[in-house]
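Encoded as structure tokens, the structure appears first; notes follow it.
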Amino acid sequence: MSKKIANQNLRVAILGFGTVGSSVARVLAEQKFGGIELTHIYNRNVANKRGHANAKFVPKSVVWTENVDDILNSKVDIVIETIGGLDPIGKWLERALKSGKSVVTANKQLIAYRGAALQKIAQVNNVALVYNAAVAGGVPVIPATLQGLQGDRITRITGILNGTCNFMLSHMEEGADYAEVLKKAQAAGYAEANPSADVDGYDARAKLCILARLALHAELNPDEVPTQSISKVKLVDFLYAQQLNCTIRQISRVETDGTTVRARVAPMLVPKSSPIAWSHGTQNMVVTTGKFGGDVVFSGHGAGGHPTAVAVVSDLLAVAHGTSRVYLPTKKRSVTGEFMAPHYLRFVVKDQPGIVSAIAGALAKVGANINSILQRPGFPKDQLVFVVTTEPCPAPVVEKAMRAIGKLSFIVDTPLSLQIMTEEDKAED
Ligand SMILES: NC(=O)c1ccc[n+]([C@@H]2O[C@H](COP(=O)([O-])OP(=O)(O)OC[C@H]3O[C@@H](n4cnc5c(N)ncnc54)[C@H](OP(=O)(O)O)[C@@H]3O)[C@@H](O)[C@H]2O)c1
């Protein structure tokens with residue numbers, strides 16, 4: 001628990017003066033919370049950072065340092081970590097906790113991979129480790145789940161946890177193609193030069209694992225959670241999705257029936273009637289499903305310096321107020337991506353007789369039943385794009401058939417398989 005020092009300010013240090021860290025400094029300066037004193041800022045190349053637009057909000061008394069030991073060996077009470085990554089940050093935070101400092105962090109990768117171990121160190125040392133900003137940025141999903149939904153038994157979490165993918169897919173829905181929206185996302189600072197962590201689902205997967213631990217008490221190894229990239233989704237998929245009264249979003253899902261844990265991050269067809277389909281731009285949305293309380297929806301800005309800083313500063317205040325953390329029992333669980341769902345299968349073919357029967361045969365061989373076949377007019381005969389939808393079946397079964405179909409002579413582009421979210425996609429009683 002945090003030290004509450006009567007009549008004495010709590011000393012706070014920020015590690016990392018980038019997008020989030022500099023906004024934290026600004027929010028602290030503008031909000032002027034009594035009893036909190038920013039004493040140190042650590043970053044490499046401090047001279048550069050002093051020229052940052054938010055540096056003018058930093059009080060003159062603050063010590064800027066390029067030596068992390070100046071903070072770890074100091075009398076700082078609370079360390080705010082806004083650098084990111086596993087190493088060396090993990091070791092630094094371990095040292096901070098062991099020396100009696102509480103830690104507030106926005107670092108999803110570190111918490112997804114080592115959160116349980118760090119939590120134990122915090123507990124043993126009677127300090128707090130809080131990381132509400134690590135999931136959904138400015139949307140308080142974690143505190144709401146921990147404090148407002150603890151009485152329920154949460155069986156499922158479904159959400160949009162990556163603002164960059166949501167920005168890209170919601171712009172594709174309006175008629176842009178993938179390469180164009182990726183450039184737009186990069187120009188706006190939403191996507192990195194190497195966008196893999198976002199588009200391939202690793203960022204959302206880390207957040208999903210944190211939520212699984214806190215809400216479902218299931219400790220998952222992020223590397224075991226299947227992911228599917230959004231990079232293979234094309235504009236034409238939105239046209240076909242529209243025909244099915246759906247749109248496409250990157251969906252993170254985890255659910256348990258008490259024995260099996262299923263989790264997956266993948267682009268999915270989402271019915272336009274679902275709240276999940278209504279999220280646009282960089283918005284995040286999380287729907288929790290509880291055995292007793294049913295569905296609860298959270299939405300808002302999932303990223304950005306200021307919204308994330310609000311989450312970090314709120315954590316800081318919670319620690320300062322001495323909010324007691326309940327240490328929930330969690331269990332290491334293995335995970336499968338085998339959700340049952342109807343599938344959307346898109347093929348690009350060179351037109352010739354026998355295509356549909358060859359595809360139907362490959363699907364029948366793995367036990368997948370066709371539900372409908374859609375073909376829009378206007379494609380050239382050597383680049384014909386059509387779609388097959390299936391009855392509900394597990395993704396691995398369909399993927400097996402799709403690998404076989406991909407080898408057939410009339411296929412001219414790798415086929416795409418997406419699961420379709422349905423209205424019946426509700427947790428069981
Ligand atoms: N940005 C968001 O919207 C958002 C939302 C939720 C959570 N987060 C999380 O918040 C954390 C920070 O993200 P951010 O967007 O603020 O990143 P950022 O803008 O890149 O800021 C990171 C800062 O840390 C510094 N830094 C990096 N490695 C360092 C090292 N080894 N030693 C000293 N300084 C180092 C960087 O300095 P240089 O400038 O010299 O590289 C930079 O000032 C990450 O864990 C991220 O996942 C971010």
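Residue numbering restarts at 1 in every chain; chains get A, B, ... in the order shown in the structure tokens, and ligands count up from 1 in that same order.
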Which residues are near ligand 1 - at most 9 Å, using only C-alpha atoms and all ligand atoms? Format: as JSON, numbers by chain. {"A": [15, 16, 17, 18, 19, 20, 21, 22, 23, 42, 43, 44, 45, 46, 48, 49, 66, 67, 68, 81, 82, 83, 84, 85, 87, 88, 89, 105, 106, 107, 108, 109, 110, 133, 134, 135, 136, 137, 138, 163, 190, 203, 301, 302, 303, 304, 305, 306, 307, 308, 309, 311]}
Please produce a file of those selected residues containing C-alpha atoms, as a PDB file, in the first residue's frame.
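For reference, again_7.pdb as written:
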ATOM      1  CA  LEU A  15      10.134   7.631 -16.246  1.00  0.00           C
ATOM      2  CA  GLY A  16       9.755   8.525 -19.940  1.00  0.00           C
ATOM      3  CA  PHE A  17       8.828  12.009 -21.165  1.00  0.00           C
ATOM      4  CA  GLY A  18       7.170  10.991 -24.461  1.00  0.00           C
ATOM      5  CA  THR A  19       3.556  11.198 -25.631  1.00  0.00           C
ATOM      6  CA  VAL A  20       2.006   9.911 -22.390  1.00  0.00           C
ATOM      7  CA  GLY A  21       4.690  10.946 -19.853  1.00  0.00           C
ATOM      8  CA  SER A  22       4.776  14.566 -20.998  1.00  0.00           C
ATOM      9  CA  SER A  23       0.950  14.728 -20.914  1.00  0.00           C
ATOM     10  CA  TYR A  42      13.954  10.510 -16.273  1.00  0.00           C
ATOM     11  CA  ASN A  43      14.565  10.189 -20.011  1.00  0.00           C
ATOM     12  CA  ARG A  44      17.502   9.665 -22.332  1.00  0.00           C
ATOM     13  CA  ASN A  45      18.769  12.829 -24.078  1.00  0.00           C
ATOM     14  CA  VAL A  46      17.159  15.142 -21.542  1.00  0.00           C
ATOM     15  CA  ASN A  48      15.935  17.233 -26.342  1.00  0.00           C
ATOM     16  CA  LYS A  49      13.066  16.661 -23.941  1.00  0.00           C
ATOM     17  CA  GLU A  66      19.425  10.601 -17.625  1.00  0.00           C
ATOM     18  CA  ASN A  67      20.391   8.266 -14.765  1.00  0.00           C
ATOM     19  CA  VAL A  68      17.518   6.047 -13.586  1.00  0.00           C
ATOM     20  CA  GLU A  81       6.473   4.484 -15.888  1.00  0.00           C
ATOM     21  CA  THR A  82       5.616   5.682 -19.382  1.00  0.00           C
ATOM     22  CA  ILE A  83       8.535   4.305 -21.411  1.00  0.00           C
ATOM     23  CA  GLY A  84       7.152   0.935 -22.571  1.00  0.00           C
ATOM     24  CA  GLY A  85       8.679  -2.463 -23.428  1.00  0.00           C
ATOM     25  CA  ASP A  87      13.574  -4.695 -20.720  1.00  0.00           C
ATOM     26  CA  PRO A  88      15.207  -2.961 -18.940  1.00  0.00           C
ATOM     27  CA  ILE A  89      11.930  -1.495 -17.653  1.00  0.00           C
ATOM     28  CA  THR A 105       2.427   2.154 -15.391  1.00  0.00           C
ATOM     29  CA  ALA A 106       0.790   2.307 -18.831  1.00  0.00           C
ATOM     30  CA  ASN A 107       2.970  -0.557 -20.108  1.00  0.00           C
ATOM     31  CA  LYS A 108       0.641  -3.252 -21.530  1.00  0.00           C
ATOM     32  CA  GLN A 109       3.380  -5.583 -22.788  1.00  0.00           C
ATOM     33  CA  LEU A 110       5.145  -5.675 -19.422  1.00  0.00           C
ATOM     34  CA  ALA A 133      -3.916   3.021 -18.425  1.00  0.00           C
ATOM     35  CA  ALA A 134      -2.468  -0.145 -19.973  1.00  0.00           C
ATOM     36  CA  VAL A 135      -5.866  -1.236 -21.329  1.00  0.00           C
ATOM     37  CA  ALA A 136      -8.109   1.048 -23.407  1.00  0.00           C
ATOM     38  CA  GLY A 137      -6.121   4.223 -22.563  1.00  0.00           C
ATOM     39  CA  GLY A 138      -8.573   6.765 -21.221  1.00  0.00           C
ATOM     40  CA  GLY A 163      -7.502   2.302 -31.738  1.00  0.00           C
ATOM     41  CA  TYR A 190      -1.588   6.490 -34.765  1.00  0.00           C
ATOM     42  CA  ASP A 203      -0.999  -4.953 -28.990  1.00  0.00           C
ATOM     43  CA  HIS A 301     -10.633   7.310 -26.366  1.00  0.00           C
ATOM     44  CA  GLY A 302      -8.377   4.289 -26.183  1.00  0.00           C
ATOM     45  CA  ALA A 303      -5.156   6.153 -26.877  1.00  0.00           C
ATOM     46  CA  GLY A 304      -3.533   9.548 -27.137  1.00  0.00           C
ATOM     47  CA  GLY A 305      -1.376  11.479 -24.701  1.00  0.00           C
ATOM     48  CA  HIS A 306      -4.060  13.368 -22.795  1.00  0.00           C
ATOM     49  CA  PRO A 307      -6.723  10.606 -22.451  1.00  0.00           C
ATOM     50  CA  THR A 308      -4.045   8.117 -21.356  1.00  0.00           C
ATOM     51  CA  ALA A 309      -2.545  10.684 -18.969  1.00  0.00           C
ATOM     52  CA  ALA A 311      -5.905   7.282 -16.602  1.00  0.00           C
TER      53      ALA A 311
END
Within 7 Å of stretch 265-273 of chain A: each stretch 141-250 of chain A residue with its shortest pair, only C-alpha atoms, as a Markdown table:
| residue | atom | partner | partner_atom | distance |
| --- | --- | --- | --- | --- |
| A:Gly201 | CA | A:Val265 | CA | 6.0 |
| A:Arg205 | CA | A:Val265 | CA | 6.3 |
| A:Pro226 | CA | A:Val265 | CA | 6.5 |
| A:Thr227 | CA | A:Val265 | CA | 4.7 |
| A:Gln228 | CA | A:Ala266 | CA | 4.6 |
| A:Ser229 | CA | A:Ala266 | CA | 6.5 |
| A:Ile230 | CA | A:Pro267 | CA | 5.7 |
| A:Ala241 | CA | A:Leu269 | CA | 6.7 |
| A:Asn245 | CA | A:Pro271 | CA | 5.9 |
| A:Cys246 | CA | A:Pro271 | CA | 4.1 |
| A:Thr247 | CA | A:Val270 | CA | 5.3 |
| A:Ile248 | CA | A:Leu269 | CA | 4.6 |
| A:Arg249 | CA | A:Pro267 | CA | 5.3 |
| A:Gln250 | CA | A:Pro267 | CA | 4.0 |
d(atom CA of A:Phe298, atom CA of A:Val286) in Å: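 A separation of 5.1 Å between them.
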I'd like the contact shell of A:Arg333 - 10 Å cut-off, only C-alpha atoms, skipping same-chain residues fewer than 6 positions apart - returned as a list of chain:residue names.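 Result of the neighbour search: A:Arg213, A:His217, A:Ala218, A:Glu219, A:Leu220, A:Asn221, A:Thr259, A:Thr260, A:Val261.
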Please produce a file of those selected residues containing C-alpha atoms, as a PDB file, in the first residue's frame.
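Output (selection-v8.pdb):
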ATOM      1  CA  ARG A 213      -6.399 -12.037 -15.627  1.00  0.00           C
ATOM      2  CA  HIS A 217      -8.965 -14.704 -13.134  1.00  0.00           C
ATOM      3  CA  ALA A 218      -7.219 -16.584 -15.943  1.00  0.00           C
ATOM      4  CA  GLU A 219      -3.487 -16.039 -16.387  1.00  0.00           C
ATOM      5  CA  LEU A 220      -2.827 -16.582 -20.101  1.00  0.00           C
ATOM      6  CA  ASN A 221       0.467 -16.675 -21.958  1.00  0.00           C
ATOM      7  CA  THR A 259     -13.201 -25.387 -17.852  1.00  0.00           C
ATOM      8  CA  THR A 260     -12.003 -24.106 -21.226  1.00  0.00           C
ATOM      9  CA  VAL A 261     -10.632 -20.634 -21.922  1.00  0.00           C
TER      10      VAL A 261
END
Please provide the set of residues having any atom within 8 Å of A:Lys234, restricted to only C-alpha atoms, with same-chain residues fewer than 3 positions apart removed, written as a PDB file with C-alpha atoms, in the first residue's frame.
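Resulting contents of selection-v6.pdb:
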ATOM      1  CA  ASP A 177      -8.244   0.901 -49.317  1.00  0.00           C
ATOM      2  CA  TYR A 178      -5.805  -0.655 -46.831  1.00  0.00           C
ATOM      3  CA  ASP A 237     -14.668  -7.305 -48.093  1.00  0.00           C
ATOM      4  CA  PHE A 238     -16.526  -4.266 -46.778  1.00  0.00           C
TER       5      PHE A 238
END
Neighbouring residues of A:Gln352 were defined as those with any atom within 12 Å, considering only C-alpha atoms; residues of the same chain fewer than 5 positions away were excluded. Please report them as a list in words.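 Once the adjacent positions are removed, what remains is Ser357, Ala358, Lys381, Asp382, Gln383, Leu384, Ser409, Phe410 and Ile411 of chain A.
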Can you list, as a PyMOL selection string, every protein, DNA or RNA residue that comes within 8 Å of A:Ala176 when you count only C-alpha atoms, leaving out same-chain residues fewer than 5 positions away? chain A and resi 171+181+235
Going by DSSP on the backbone, which bits of stretch 146-328 of chain A are alpha helix (DSSP H)? Write them as a VMD selection string, please. chain A and resid 163 to 173 178 to 187 196 to 199 202 to 215 235 to 243 305 to 320
Go ahead and save the residues from that selection, with C-alpha atoms, as a CSV table (one decimal), in the first residue's frame.
chain,number,residue,atom,x,y,z
A,163,GLY,CA,-7.5,2.3,-31.7
A,164,THR,CA,-5.2,2.2,-34.7
A,165,CYS,CA,-6.9,-0.8,-36.3
A,166,ASN,CA,-10.3,0.7,-35.5
A,167,PHE,CA,-9.2,3.9,-37.2
A,168,MET,CA,-8.1,2.0,-40.3
A,169,LEU,CA,-11.1,-0.4,-40.6
A,170,SER,CA,-13.7,2.3,-39.9
A,171,HIS,CA,-12.0,4.4,-42.7
A,172,MET,CA,-12.0,1.4,-45.1
A,173,GLU,CA,-15.8,1.1,-44.3
A,178,TYR,CA,-5.8,-0.7,-46.8
A,179,ALA,CA,-2.6,1.0,-48.1
A,180,GLU,CA,-4.3,4.4,-48.1
A,181,VAL,CA,-5.6,4.2,-44.6
A,182,LEU,CA,-2.3,2.8,-43.3
A,183,LYS,CA,-0.6,5.9,-44.6
A,184,LYS,CA,-3.2,8.1,-43.1
A,185,ALA,CA,-2.8,6.4,-39.7
A,186,GLN,CA,1.0,6.8,-39.9
A,187,ALA,CA,0.7,10.5,-40.9
A,196,SER,CA,2.9,-4.9,-37.1
A,197,ALA,CA,2.2,-4.7,-33.3
A,198,ASP,CA,-1.2,-3.0,-34.1
A,199,VAL,CA,-2.3,-4.6,-37.4
A,202,TYR,CA,-0.1,-8.2,-30.7
A,203,ASP,CA,-1.0,-5.0,-29.0
A,204,ALA,CA,-4.7,-5.9,-28.6
A,205,ARG,CA,-3.6,-9.4,-27.4
A,206,ALA,CA,-1.5,-8.0,-24.6
A,207,LYS,CA,-4.5,-5.9,-23.4
A,208,LEU,CA,-6.9,-8.9,-23.7
A,209,CYS,CA,-4.6,-11.0,-21.5
A,210,ILE,CA,-4.5,-8.3,-18.8
A,211,LEU,CA,-8.4,-8.2,-18.9
A,212,ALA,CA,-8.5,-12.0,-18.8
A,213,ARG,CA,-6.4,-12.0,-15.6
A,214,LEU,CA,-8.3,-9.3,-13.8
A,215,ALA,CA,-11.9,-10.2,-14.9
A,235,LEU,CA,-12.1,-2.8,-49.6
A,236,VAL,CA,-14.1,-5.5,-51.4
A,237,ASP,CA,-14.7,-7.3,-48.1
A,238,PHE,CA,-16.5,-4.3,-46.8
A,239,LEU,CA,-18.8,-4.3,-49.8
A,240,TYR,CA,-19.7,-8.0,-49.2
A,241,ALA,CA,-19.9,-7.4,-45.4
A,242,GLN,CA,-22.4,-4.6,-46.2
A,243,GLN,CA,-24.5,-7.1,-48.2
A,305,GLY,CA,-1.4,11.5,-24.7
A,306,HIS,CA,-4.1,13.4,-22.8
A,307,PRO,CA,-6.7,10.6,-22.5
A,308,THR,CA,-4.0,8.1,-21.4
A,309,ALA,CA,-2.5,10.7,-19.0
A,310,VAL,CA,-6.0,11.0,-17.3
A,311,ALA,CA,-5.9,7.3,-16.6
A,312,VAL,CA,-2.3,7.5,-15.3
A,313,VAL,CA,-3.0,10.5,-13.1
A,314,SER,CA,-6.2,8.8,-11.8
A,315,ASP,CA,-4.1,5.8,-10.8
A,316,LEU,CA,-1.7,8.1,-9.1
A,317,LEU,CA,-4.4,9.7,-7.1
A,318,ALA,CA,-5.9,6.3,-6.2
A,319,VAL,CA,-2.5,5.2,-4.8
A,320,ALA,CA,-2.1,8.5,-3.0
For the strand (DSSP E) assignment from backbone DSSP, which residues of stretch 362-399 of chain A qualify? Please present them as a PyMOL selection string. chain A and resi 370-375+384-390+393-394
File of the preceding selection, C-alpha atoms, as a PDB file, in the first residue's frame:
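Heads up, here's the output in result.pdb:
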ATOM      1  CA  ILE A 370     -22.220 -23.736 -46.807  1.00  0.00           C
ATOM      2  CA  ASN A 371     -24.887 -21.223 -45.839  1.00  0.00           C
ATOM      3  CA  SER A 372     -24.816 -18.820 -48.819  1.00  0.00           C
ATOM      4  CA  ILE A 373     -22.851 -17.797 -51.906  1.00  0.00           C
ATOM      5  CA  LEU A 374     -22.571 -14.102 -52.847  1.00  0.00           C
ATOM      6  CA  GLN A 375     -21.247 -12.726 -56.101  1.00  0.00           C
ATOM      7  CA  LEU A 384     -13.588 -12.885 -60.105  1.00  0.00           C
ATOM      8  CA  VAL A 385     -14.263 -12.157 -56.428  1.00  0.00           C
ATOM      9  CA  PHE A 386     -16.995 -14.097 -54.657  1.00  0.00           C
ATOM     10  CA  VAL A 387     -17.906 -15.030 -51.103  1.00  0.00           C
ATOM     11  CA  VAL A 388     -19.123 -18.158 -49.367  1.00  0.00           C
ATOM     12  CA  THR A 389     -20.608 -18.066 -45.882  1.00  0.00           C
ATOM     13  CA  THR A 390     -20.753 -21.166 -43.689  1.00  0.00           C
ATOM     14  CA  CYS A 393     -17.949 -24.207 -37.142  1.00  0.00           C
ATOM     15  CA  PRO A 394     -14.562 -23.812 -35.397  1.00  0.00           C
TER      16      PRO A 394
END
Can you measure atom CA of A:Ser99 to atom CA of A:Ala117 for me? One decimal in Å is fine.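 According to the coordinates, atom CA of A:Ser99 and atom CA of A:Ala117 are separated by 16.1 Å.
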Point out the residue among A:Lys32, A:Arg264, A:Arg156, A:Arg26 with the least atom-to-atom distance to A:Ala53, counting only C-alpha atoms.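 So, comparing all the options, the nearest one is A:Arg26.
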Let me make sure I understand: among A:His40, A:His321, A:Lys232, A:Lys60, which one has the smallest atom-to-atom distance to A:Lys75 if we use only C-alpha atoms?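 Among the listed residues, the smallest separation from A:Lys75 belongs to A:His40.
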Quick one: of A:His343, A:Asn132, A:Lys400, A:Asn125, who's nearest to A:Val366, counting only C-alpha atoms?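 Residue with the minimum atom-to-atom distance to A:Val366: A:Lys400.
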Considering only C-alpha atoms, state which residue in the set A:Gly378, A:Gly159, A:Gly300, A:Pro275 is at the smallest distance from A:Glu423. A:Pro275
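Coordinates place atom CA of A:Val398 at a distance of 20.1 Å from atom CA of A:Val254.
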Name all residues at most 12 Å from A:Gly361 (count only C-alpha atoms; drop same-chain ones fewer than 4 positions away) and give them as a PyMOL selection string. chain A and resi 354-357+365-370+401-402+404-405
Keeping N, CA and C atoms for every residue in the selection just given, could you write it to a file as a short mmCIF file (atom, residue, chain, number, x, y, z; two decimals), in the first residue's frame?
data_model
loop_
_atom_site.label_atom_id
_atom_site.label_comp_id
_atom_site.auth_asym_id
_atom_site.auth_seq_id
_atom_site.Cartn_x
_atom_site.Cartn_y
_atom_site.Cartn_z
N GLY A 354 -16.87 -25.63 -62.48
CA GLY A 354 -16.51 -26.55 -61.39
C GLY A 354 -15.93 -25.88 -60.15
N ILE A 355 -15.83 -24.53 -60.14
CA ILE A 355 -15.21 -23.86 -58.99
C ILE A 355 -16.02 -24.08 -57.71
N VAL A 356 -17.33 -23.83 -57.81
CA VAL A 356 -18.16 -23.92 -56.60
C VAL A 356 -18.17 -25.34 -56.04
N SER A 357 -18.23 -26.33 -56.95
CA SER A 357 -18.28 -27.70 -56.43
C SER A 357 -16.93 -28.10 -55.81
N LYS A 365 -15.47 -31.82 -46.75
CA LYS A 365 -14.48 -32.78 -46.25
C LYS A 365 -14.11 -32.53 -44.78
N VAL A 366 -14.16 -31.24 -44.35
CA VAL A 366 -13.84 -30.94 -42.94
C VAL A 366 -15.11 -30.75 -42.11
N GLY A 367 -16.27 -30.97 -42.74
CA GLY A 367 -17.54 -30.89 -42.00
C GLY A 367 -18.12 -29.50 -41.92
N ALA A 368 -17.70 -28.58 -42.80
CA ALA A 368 -18.25 -27.21 -42.79
C ALA A 368 -19.35 -27.11 -43.83
N ASN A 369 -20.53 -26.66 -43.39
CA ASN A 369 -21.68 -26.54 -44.32
C ASN A 369 -21.79 -25.13 -44.87
N ILE A 370 -22.04 -25.05 -46.19
CA ILE A 370 -22.22 -23.74 -46.81
C ILE A 370 -23.60 -23.18 -46.45
N ALA A 401 -9.51 -26.35 -44.46
CA ALA A 401 -10.11 -26.40 -45.81
C ALA A 401 -9.55 -25.29 -46.69
N MET A 402 -9.36 -24.10 -46.08
CA MET A 402 -8.88 -22.95 -46.88
C MET A 402 -7.46 -23.17 -47.39
N ALA A 404 -6.26 -26.07 -48.26
CA ALA A 404 -6.42 -26.98 -49.41
C ALA A 404 -6.97 -26.22 -50.61
N ILE A 405 -7.96 -25.38 -50.38
CA ILE A 405 -8.57 -24.62 -51.48
C ILE A 405 -7.54 -23.67 -52.11
#
